[in-house]
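protein_30.cif (mmCIF, C-alpha atoms)
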data_my_file
loop_
_atom_site.label_atom_id
_atom_site.label_comp_id
_atom_site.auth_asym_id
_atom_site.auth_seq_id
_atom_site.Cartn_x
_atom_site.Cartn_y
_atom_site.Cartn_z
CA MET A 700 -4.79 39.77 18.97
CA LEU A 701 -6.27 43.13 18.11
CA ARG A 702 -8.11 43.28 21.42
CA GLN A 703 -5.01 42.42 23.42
CA ARG A 704 -3.11 45.21 21.67
CA ALA A 705 -5.92 47.68 22.29
CA VAL A 706 -5.85 46.92 26.03
CA GLN A 707 -2.06 47.24 26.08
CA GLN A 708 -2.15 50.62 24.33
CA SER A 709 -4.80 51.98 26.68
CA ILE A 710 -2.62 50.97 29.68
CA ARG A 711 0.33 52.82 28.09
CA ARG A 712 -1.80 55.91 27.63
CA LEU A 713 -2.87 55.67 31.27
CA ALA A 714 0.78 55.46 32.37
CA ALA A 715 1.69 58.52 30.29
CA ALA A 716 -1.18 60.52 31.84
CA ASN A 717 -0.44 59.58 35.49
CA LEU A 718 3.35 59.76 35.74
CA SER A 719 3.42 59.73 39.54
CA THR A 720 1.93 56.25 39.75
CA PHE A 721 4.29 54.60 37.30
CA ASN A 722 7.39 56.76 37.66
CA LYS A 723 10.62 55.07 38.57
CA THR A 724 11.34 57.67 41.24
CA THR A 725 8.31 56.57 43.26
CA SER A 726 9.23 55.29 46.66
CA LEU A 727 7.43 51.98 46.04
CA ALA A 728 9.45 51.23 42.92
CA GLN A 729 12.71 51.85 44.76
CA LEU A 730 11.98 49.41 47.56
CA ALA A 731 14.08 46.31 47.86
CA PRO A 732 12.73 43.43 45.80
CA PRO A 733 11.53 41.30 48.81
CA VAL A 734 9.42 44.16 50.05
CA ALA A 735 8.15 44.88 46.55
CA ILE A 736 7.12 41.26 46.18
CA ALA A 737 5.56 41.24 49.62
CA THR A 738 3.48 44.28 48.80
CA GLY A 739 2.34 42.69 45.56
CA ARG A 740 3.72 45.46 43.34
CA HIS A 741 5.86 43.20 41.15
CA THR A 742 3.64 40.20 40.84
CA GLN A 743 3.43 38.99 37.26
CA ILE A 744 0.19 37.64 35.91
CA ARG A 745 0.48 35.36 32.92
CA GLN A 746 -2.53 34.20 30.99
CA ALA A 747 -2.18 30.45 30.50
CA ALA A 748 -4.50 28.64 28.12
CA THR A 749 -5.55 25.66 30.17
CA GLN A 750 -8.79 23.79 30.14
CA PRO A 751 -9.93 20.82 32.21
CA THR A 752 -10.13 17.58 30.24
CA SER A 753 -11.71 14.39 31.43
CA PRO A 754 -9.62 11.18 31.15
CA SER A 755 -11.77 9.93 28.27
CA ASP A 756 -11.31 13.27 26.45
CA ALA A 757 -7.55 13.10 26.97
CA TYR A 758 -7.58 9.55 25.61
CA SER A 759 -9.43 10.50 22.44
CA ILE A 760 -7.23 13.60 21.86
CA LEU A 761 -4.04 11.50 22.19
CA ALA A 762 -5.46 8.77 19.94
CA SER A 763 -6.37 11.34 17.26
CA GLN A 764 -2.90 12.92 17.53
CA ARG A 765 -1.29 9.53 16.99
CA LEU A 766 -3.28 9.07 13.80
CA HIS A 767 -1.21 11.94 12.34
CA ARG A 768 2.12 10.23 12.93
CA PRO A 769 3.99 8.79 9.93
CA VAL A 770 2.97 5.21 9.30
CA SER A 771 5.56 2.47 9.01
CA PRO A 772 6.76 1.28 6.47
CA HIS A 773 7.95 4.79 5.54
CA LEU A 774 10.47 3.50 3.00
CA LYS A 775 11.05 6.69 0.99
CA ILE A 776 12.92 8.43 3.81
CA TYR A 777 15.74 5.86 3.96
CA ARG A 778 18.78 5.84 1.69
CA PRO A 779 18.77 2.62 -0.37
CA GLN A 780 21.43 0.39 1.18
CA ILE A 781 22.22 -3.24 0.40
CA THR A 782 21.72 -4.22 4.05
CA TRP A 783 18.01 -3.47 4.30
CA LEU A 784 17.23 -3.96 0.60
CA LEU A 785 18.38 -7.60 0.70
CA SER A 786 16.60 -8.11 4.02
CA GLY A 787 13.32 -7.00 2.41
CA LEU A 788 14.07 -9.05 -0.71
CA ASN A 789 14.58 -12.14 1.45
CA ARG A 790 11.03 -11.88 2.76
CA ILE A 791 9.60 -11.03 -0.68
CA THR A 792 11.31 -13.98 -2.42
CA GLY A 793 10.32 -16.29 0.43
CA SER A 794 6.70 -15.16 0.11
CA ILE A 795 6.76 -15.73 -3.66
CA LEU A 796 8.16 -19.26 -3.30
CA SER A 797 5.91 -20.26 -0.39
CA GLY A 798 2.92 -18.57 -2.00
CA GLY A 799 3.44 -20.58 -5.20
CA PHE A 800 3.95 -23.73 -3.13
CA TYR A 801 0.69 -23.15 -1.22
CA ILE A 802 -1.29 -22.23 -4.34
CA PHE A 803 -0.12 -25.35 -6.17
CA GLY A 804 -0.76 -27.64 -3.17
CA ALA A 805 -4.28 -26.32 -2.59
CA ALA A 806 -5.10 -26.27 -6.30
CA TYR A 807 -3.88 -29.88 -6.69
CA LEU A 808 -6.21 -30.98 -3.87
CA VAL A 809 -9.31 -29.35 -5.37
CA SER A 810 -8.42 -30.01 -9.03
CA PRO A 811 -10.70 -33.11 -9.34
CA LEU A 812 -13.69 -31.00 -8.23
CA PHE A 813 -13.16 -28.48 -11.02
CA GLY A 814 -11.75 -30.82 -13.63
CA TRP A 815 -8.32 -29.15 -13.72
CA HIS A 816 -5.40 -31.21 -15.00
CA LEU A 817 -2.52 -30.41 -12.70
CA ASP A 818 -0.55 -33.64 -12.99
CA THR A 819 3.07 -33.07 -13.97
CA ALA A 820 2.76 -34.83 -17.34
CA THR A 821 0.02 -32.42 -18.46
CA LEU A 822 1.85 -29.41 -17.04
CA ALA A 823 5.09 -30.42 -18.77
CA ALA A 824 3.30 -30.93 -22.08
CA GLY A 825 1.67 -27.52 -21.72
CA PHE A 826 4.98 -25.87 -20.81
CA ALA A 827 6.72 -27.46 -23.80
CA SER A 828 4.27 -25.73 -26.15
CA TRP A 829 5.23 -22.26 -24.87
CA PRO A 830 7.53 -20.04 -26.98
CA LEU A 831 11.17 -20.12 -25.88
CA ALA A 832 11.18 -16.55 -24.56
CA ALA A 833 8.17 -17.26 -22.33
CA GLN A 834 9.82 -20.45 -21.07
CA LEU A 835 13.01 -18.56 -20.21
CA ALA A 836 11.02 -15.77 -18.49
CA ALA A 837 9.02 -18.28 -16.44
CA LYS A 838 12.17 -20.17 -15.47
CA MET A 839 13.87 -16.90 -14.41
CA ALA A 840 10.76 -15.93 -12.41
CA VAL A 841 11.13 -19.17 -10.43
CA ALA A 842 14.93 -19.50 -10.42
CA PHE A 843 15.67 -15.97 -9.19
CA PRO A 844 13.60 -16.16 -5.95
CA PHE A 845 14.71 -19.77 -5.37
CA THR A 846 18.44 -19.10 -5.67
CA PHE A 847 18.31 -15.77 -3.82
CA HIS A 848 16.35 -17.17 -0.89
CA GLY A 849 18.65 -20.20 -0.77
CA TRP A 850 21.91 -18.25 -0.76
CA ASN A 851 20.58 -15.59 1.59
CA GLY A 852 19.25 -18.34 3.87
CA ILE A 853 22.80 -19.69 4.17
CA ARG A 854 23.92 -16.12 4.95
CA HIS A 855 21.30 -15.99 7.72
CA LEU A 856 22.51 -19.33 9.13
CA ILE A 857 26.06 -17.93 9.24
CA TRP A 858 24.75 -14.95 11.22
CA ASP A 859 22.90 -17.30 13.55
CA VAL A 860 26.18 -18.78 14.82
CA GLY A 861 27.35 -15.21 15.53
CA ALA A 862 29.75 -14.83 12.58
CA ALA A 863 30.12 -12.03 9.97
CA LEU A 864 27.90 -9.64 11.87
CA ASN A 865 29.68 -6.28 11.54
CA ASN A 866 28.50 -3.77 8.97
CA GLN A 867 31.38 -4.24 6.50
CA GLN A 868 30.97 -8.03 6.54
CA VAL A 869 27.20 -7.77 6.10
CA ILE A 870 27.70 -5.52 3.06
CA ARG A 871 30.37 -7.84 1.60
CA THR A 872 28.36 -11.05 2.08
CA GLY A 873 25.34 -9.21 0.64
CA TRP A 874 27.18 -8.55 -2.61
CA VAL A 875 28.44 -12.15 -2.65
CA VAL A 876 24.82 -13.33 -2.41
CA VAL A 877 23.81 -10.97 -5.25
CA GLY A 878 26.63 -12.32 -7.46
CA LEU A 879 25.86 -15.96 -6.68
CA THR A 880 22.14 -15.35 -7.30
CA VAL A 881 22.68 -13.77 -10.73
CA VAL A 882 25.06 -16.51 -11.91
CA SER A 883 23.12 -19.48 -10.51
CA SER A 884 19.67 -18.26 -11.56
CA LEU A 885 20.87 -17.65 -15.13
CA ALA A 886 22.51 -21.09 -15.16
CA LEU A 887 19.29 -22.71 -13.91
CA ALA A 888 17.13 -20.85 -16.41
CA LEU A 889 19.36 -21.93 -19.31
CA LEU A 890 19.45 -25.54 -18.05
CA MET B 308 -0.41 32.66 13.96
CA ARG B 309 0.70 30.11 16.50
CA PRO B 310 -2.09 27.92 17.88
CA ALA B 311 -1.10 28.84 21.46
CA LEU B 312 -1.69 32.53 20.78
CA LEU B 313 -4.95 31.73 19.08
CA ARG B 314 -6.14 29.79 22.09
CA GLN B 315 -5.08 32.57 24.46
CA GLY B 316 -6.96 35.12 22.43
CA LEU B 317 -10.06 32.95 22.39
CA LEU B 318 -9.81 32.31 26.10
CA ILE B 319 -9.78 36.04 26.79
CA THR B 320 -12.76 36.67 24.53
CA THR B 321 -14.82 33.84 26.02
CA ARG B 322 -14.56 35.02 29.63
CA LYS B 323 -17.79 35.23 31.57
CA ALA B 324 -19.81 38.42 31.42
CA SER B 325 -19.29 39.07 35.18
CA VAL B 326 -15.95 40.70 34.32
CA PRO B 327 -16.62 44.25 33.09
CA LYS B 328 -15.53 44.31 29.46
CA PRO B 329 -14.01 47.23 27.59
CA SER B 330 -16.25 48.51 24.82
CA ILE B 331 -14.04 47.08 22.08
CA LEU B 332 -14.69 43.53 23.31
CA ARG B 333 -18.42 44.02 23.09
CA ALA B 334 -18.17 44.70 19.36
CA CYS B 335 -17.94 40.98 18.62
CA PRO B 336 -21.22 39.07 19.12
CA PRO B 337 -20.83 36.00 21.40
CA ALA B 338 -22.44 33.69 18.81
CA ALA B 339 -19.50 34.17 16.44
CA ILE B 340 -17.01 32.74 18.94
CA GLN B 341 -16.18 29.12 18.26
CA PRO B 342 -15.83 26.79 21.26
CA ILE B 343 -12.21 26.14 22.22
CA THR B 344 -12.47 22.37 22.22
CA SER B 345 -13.50 22.18 18.56
CA ILE B 346 -10.58 24.41 17.55
CA VAL B 347 -8.17 22.19 19.51
CA ARG B 348 -9.49 19.07 17.85
CA GLN B 349 -9.42 20.53 14.35
CA THR B 350 -5.86 21.82 14.51
CA PRO B 351 -3.43 19.31 12.96
CA ARG B 352 -0.86 19.77 15.69
CA VAL B 353 1.51 16.91 14.90
CA ALA B 354 1.52 16.70 11.12
CA THR B 355 2.49 20.35 10.61
CA PHE B 356 5.88 19.81 12.26
CA HIS B 357 6.97 17.12 9.78
CA THR B 358 8.82 18.39 6.74
CA THR B 359 8.76 15.23 4.59
CA SER B 360 5.67 14.50 2.56
CA ARG B 361 3.29 11.88 3.90
CA ARG B 362 3.08 8.81 1.69
CA ALA B 363 1.22 6.25 3.72
CA ILE B 364 1.21 2.80 2.09
CA LEU B 365 -1.48 1.76 4.54
CA PRO B 366 -3.70 4.06 6.61
CA ALA B 367 -3.00 4.05 10.33
CA GLY B 368 -5.11 1.54 12.22
CA PRO B 369 -7.18 2.35 15.29
CA GLN B 370 -4.98 3.77 18.05
CA VAL B 371 -5.22 1.76 21.25
CA LEU B 372 -3.48 3.19 24.32
CA GLU B 373 -2.95 0.90 27.28
CA GLY B 374 -2.07 2.47 30.62
CA THR B 375 0.27 5.43 30.87
CA ALA B 376 3.87 6.13 29.90
CA ASN B 377 4.97 5.29 33.44
CA ASP B 378 3.66 1.71 33.42
CA PRO B 379 6.32 -1.01 33.21
CA ALA B 380 6.49 -3.17 30.11
CA PRO B 381 4.41 -6.31 30.65
CA VAL B 382 6.38 -9.51 31.09
CA PRO B 383 5.04 -12.14 28.67
CA LYS B 384 3.82 -15.41 30.12
CA PRO B 385 6.58 -18.02 29.81
CA SER B 386 5.81 -20.82 27.37
CA PRO B 387 8.08 -23.68 26.23
CA THR B 388 6.94 -23.22 22.61
CA HIS B 389 8.06 -19.57 22.52
CA GLY B 390 11.46 -17.97 22.70
CA SER B 391 14.66 -19.94 22.26
CA TYR B 392 13.06 -23.37 21.68
CA HIS B 393 10.98 -21.96 18.87
CA TRP B 394 14.03 -20.19 17.44
CA THR B 395 16.14 -23.37 17.63
CA PHE B 396 13.40 -25.36 15.89
CA GLU B 397 13.26 -22.79 13.07
CA ARG B 398 17.05 -22.89 12.63
CA ALA B 399 17.11 -26.69 12.64
CA LEU B 400 14.43 -26.66 9.95
CA SER B 401 16.35 -24.15 7.81
CA LEU B 402 19.60 -26.05 8.31
CA GLY B 403 17.91 -29.30 7.29
CA LEU B 404 16.62 -27.68 4.11
CA VAL B 405 20.17 -26.96 2.89
CA PRO B 406 21.18 -30.60 2.11
CA LEU B 407 17.60 -31.43 1.06
CA THR B 408 17.76 -28.63 -1.53
CA ILE B 409 21.26 -29.45 -2.80
CA ALA B 410 20.73 -33.25 -3.02
CA PRO B 411 18.34 -33.20 -6.04
CA PHE B 412 20.90 -31.18 -8.02
CA ALA B 413 23.63 -33.66 -7.07
CA TYR B 414 21.66 -36.88 -7.66
CA GLY B 415 19.21 -35.79 -10.36
CA SER B 416 16.16 -36.20 -8.06
CA LEU B 417 15.18 -37.62 -4.66
CA ASN B 418 13.72 -40.97 -3.72
CA PRO B 419 10.04 -40.87 -2.65
CA VAL B 420 10.80 -40.88 1.10
CA MET B 421 13.35 -38.06 0.95
CA ASP B 422 11.09 -36.16 -1.44
CA SER B 423 8.26 -36.36 1.11
CA VAL B 424 10.64 -35.19 3.83
CA LEU B 425 11.60 -32.22 1.63
CA VAL B 426 7.94 -31.35 1.02
CA ALA B 427 7.12 -31.59 4.74
CA ALA B 428 10.11 -29.39 5.65
CA LEU B 429 9.14 -26.83 2.98
CA LEU B 430 5.57 -26.79 4.31
CA LEU B 431 6.69 -26.19 7.92
CA HIS B 432 9.28 -23.59 6.82
CA SER B 433 6.57 -21.78 4.82
CA HIS B 434 4.18 -21.92 7.77
CA VAL B 435 6.81 -20.42 10.07
CA GLY B 436 7.58 -17.71 7.51
CA PHE B 437 3.92 -16.79 6.99
CA THR B 438 3.43 -16.70 10.77
CA SER B 439 6.28 -14.17 11.04
CA ILE B 440 4.66 -12.05 8.34
CA ILE B 441 1.29 -12.09 10.13
CA ILE B 442 2.94 -11.18 13.46
CA ASP B 443 4.89 -8.33 11.84
CA TYR B 444 2.12 -6.74 9.79
CA ILE B 445 -1.03 -7.38 11.88
CA PRO B 446 -0.17 -6.03 15.34
CA ASN B 447 -2.15 -7.72 18.08
CA ARG B 448 -2.57 -4.43 19.97
CA ASN B 449 -4.43 -2.68 17.14
CA HIS B 450 -6.11 -5.56 15.32
CA PRO B 451 -6.58 -8.48 17.74
CA ARG B 452 -9.48 -9.99 15.78
CA ALA B 453 -7.82 -9.70 12.37
CA ARG B 454 -4.69 -11.31 13.86
CA LYS B 455 -6.71 -14.29 15.14
CA LEU B 456 -8.54 -14.56 11.80
CA PHE B 457 -5.34 -14.64 9.75
CA GLU B 458 -3.66 -17.08 12.13
CA TRP B 459 -6.55 -19.49 11.71
CA LEU B 460 -6.67 -18.93 7.95
CA LEU B 461 -2.98 -19.83 7.81
CA ARG B 462 -3.53 -22.99 9.89
CA LEU B 463 -6.40 -24.00 7.60
CA GLY B 464 -4.28 -23.21 4.52
CA THR B 465 -1.33 -25.24 5.78
CA LEU B 466 -3.64 -28.19 6.50
CA VAL B 467 -5.23 -28.01 3.02
CA VAL B 468 -1.85 -27.67 1.30
CA GLY B 469 -0.47 -30.54 3.39
CA ILE B 470 -3.31 -32.83 2.29
CA GLY B 471 -2.86 -31.60 -1.30
CA PHE B 472 0.83 -32.48 -1.30
CA TYR B 473 0.07 -35.86 0.31
CA GLU B 474 -2.13 -36.56 -2.70
CA PHE B 475 0.53 -35.23 -5.06
CA GLU B 476 3.29 -37.31 -3.47
CA THR B 477 1.24 -40.51 -3.53
CA ASN B 478 -0.30 -40.11 -7.01
CA ASP B 479 2.33 -38.23 -8.99
CA VAL B 480 6.10 -38.44 -9.49
CA GLY B 481 7.08 -36.28 -6.49
CA LEU B 482 8.15 -32.66 -6.20
CA THR B 483 11.78 -32.86 -7.38
CA GLN B 484 11.04 -35.19 -10.27
CA GLY B 485 7.98 -33.13 -11.21
CA VAL B 486 9.92 -29.85 -11.28
CA LYS B 487 12.64 -31.53 -13.34
CA ARG B 488 10.06 -32.86 -15.77
CA ILE B 489 8.47 -29.44 -16.32
CA TRP B 490 11.83 -27.65 -16.35
CA LYS B 491 13.23 -29.84 -19.13
CA ALA B 492 9.96 -30.14 -21.05
CA GLY B 493 10.97 -27.46 -23.53
CA SER B 494 14.41 -28.84 -24.39
CA THR B 495 13.44 -32.44 -25.09
CA ASP B 496 10.26 -34.46 -25.00
CA LYS B 497 12.13 -37.64 -24.03
CA VAL B 498 12.18 -36.59 -20.35
CA ILE B 499 8.41 -36.96 -20.05
CA GLY B 500 8.53 -40.49 -21.42
CA SER B 501 11.41 -41.61 -19.24
CA ALA B 502 10.26 -40.08 -15.97
#
Entire entry expressed as structure tokens:
Amino acid sequence: MLRQRAVQQSIRRLAAANLSTFNKTTSLAQLAPPVAIATGRHTQIRQAATQPTSPSDAYSILASQRLHRPVSPHLKIYRPQITWLLSGLNRITGSILSGGFYIFGAAYLVSPLFGWHLDTATLAAGFASWPLAAQLAAKMAVAFPFTFHGWNGIRHLIWDVGAALNNQQVIRTGWVVVGLTVVSSLALALL
Amino acid sequence: MRPALLRQGLLITTRKASVPKPSILRACPPAAIQPITSIVRQTPRVATFHTTSRRAILPAGPQVLEGTANDPAPVPKPSPTHGSYHWTFERALSLGLVPLTIAPFAYGSLNPVMDSVLVAALLLHSHVGFTSIIIDYIPNRNHPRARKLFEWLLRLGTLVVGIGFYEFETNDVGLTQGVKRIWKAGSTDKVIGSA
């Protein structure tokens, strides 16, 4: 920067010292633009910062640039709305239910190897010995994902026939699912 | 200072010595000048333009670029197990689960055959769901080997769980009756005896 300015200032000083060369009254400066361009007087020279890059260099530069892009899921930038919150909850509850299903199925298969007692009679006897609050909490932990995924699954099946697909209807059915989930999961837990 | 200006300034200072330099340029020893390419690589050119803070849940995977921006999108190879048939199968499975889930609440529990059908449907529905999760979160373009690994782990898991539930269904009281037994264990002990 400093060097550029120094060169610029020295050119200005040169112009001030030799007025005849740079004066506007010079015959060359008064020529019509085509002639001025033809004689090379008004040619602009712009310093452009270019450098040759090989294809492999360009590839690695672009790849390293892309590493700086925001990574999805970038959840914090979205306003919480019932549409996408319930959509995410549908996958989370489904994963919880299926995860529990898979863990129990696999554990039941290997239980003889490790001497675990996973038959329902033993599990029921163990569950009966829990304090009431723990029983209610465990039942809610199962009943909430089960009822939510069930009701929201019916909502998905309604969408699949092409019904209730505009934004207002999606919001309304979303709140219906939330209401049904709260009532039915509490009812199941207190059963 | 803008990076473009910086690069221009550096370009001027790194010109070859054949051009006669003004004395002020000679003041800076050539060894102190950093190569342009390293400056370009070090400058975080994209991140500085974003105003929101970066909170990456997962770090970005390796960036794989295929072709150029002008290439057409590849047309996937047609397969009867993909697309609408697959979608219809998934919907049929979900639709079938609705009565299978309501029936135990209406009748108290399911008979062994229907209980096995429910378990099989739940297993397939879970497998389809887990497959969707793997497809969504392990992109084939960036992590082709991890994708294959998780797909095979899921297949193995589904097989193991399927055998486990076959054992459970043949040796125990069945899924619906078993859940009922545990669910009501706290309220009365009679359920265990009667089941």
Next on the checklist: Show me, as an MDAnalysis selection string, the residues that have an atom within 12 Å of range 847-864 of chain A when counting all atoms listed in the file, minus same-chain residues fewer than 2 positions from it.
Outcome noted: (chainID A and resid 782 785:797 839:845 866:885) or (chainID B and resid 394:395 397:409 432)
Checklist entry - Near chain B, which residues of chain A fall within 7 Å when you count all atoms listed in the file, and what do they look like as a ChimeraX atom specification? => result /A:700,702,748,762,764-770,797,801,804-805,807-808,818-820,822-824,826-827
To box range 381-384 of chain B, take all atoms listed in the file, fit an axis-aligned box, add 8 Å on each side, and give centre and edge lengths in Å to one decimal, as AutoDock Vina command-line options.
--center_x 5.1 --center_y -10.9 --center_z 29.9 --size_x 18.6 --size_y 25.1 --size_z 18.4
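Reported to one decimal place, the separation of CA of Phe803 in chain A from CA of Ile442 in chain B is 24.4 Å.
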Checklist entry - What is the distance between CA of Asp422 in chain B and CA of Ala410 in chain B, in Å to one decimal? => result 10.2 Å
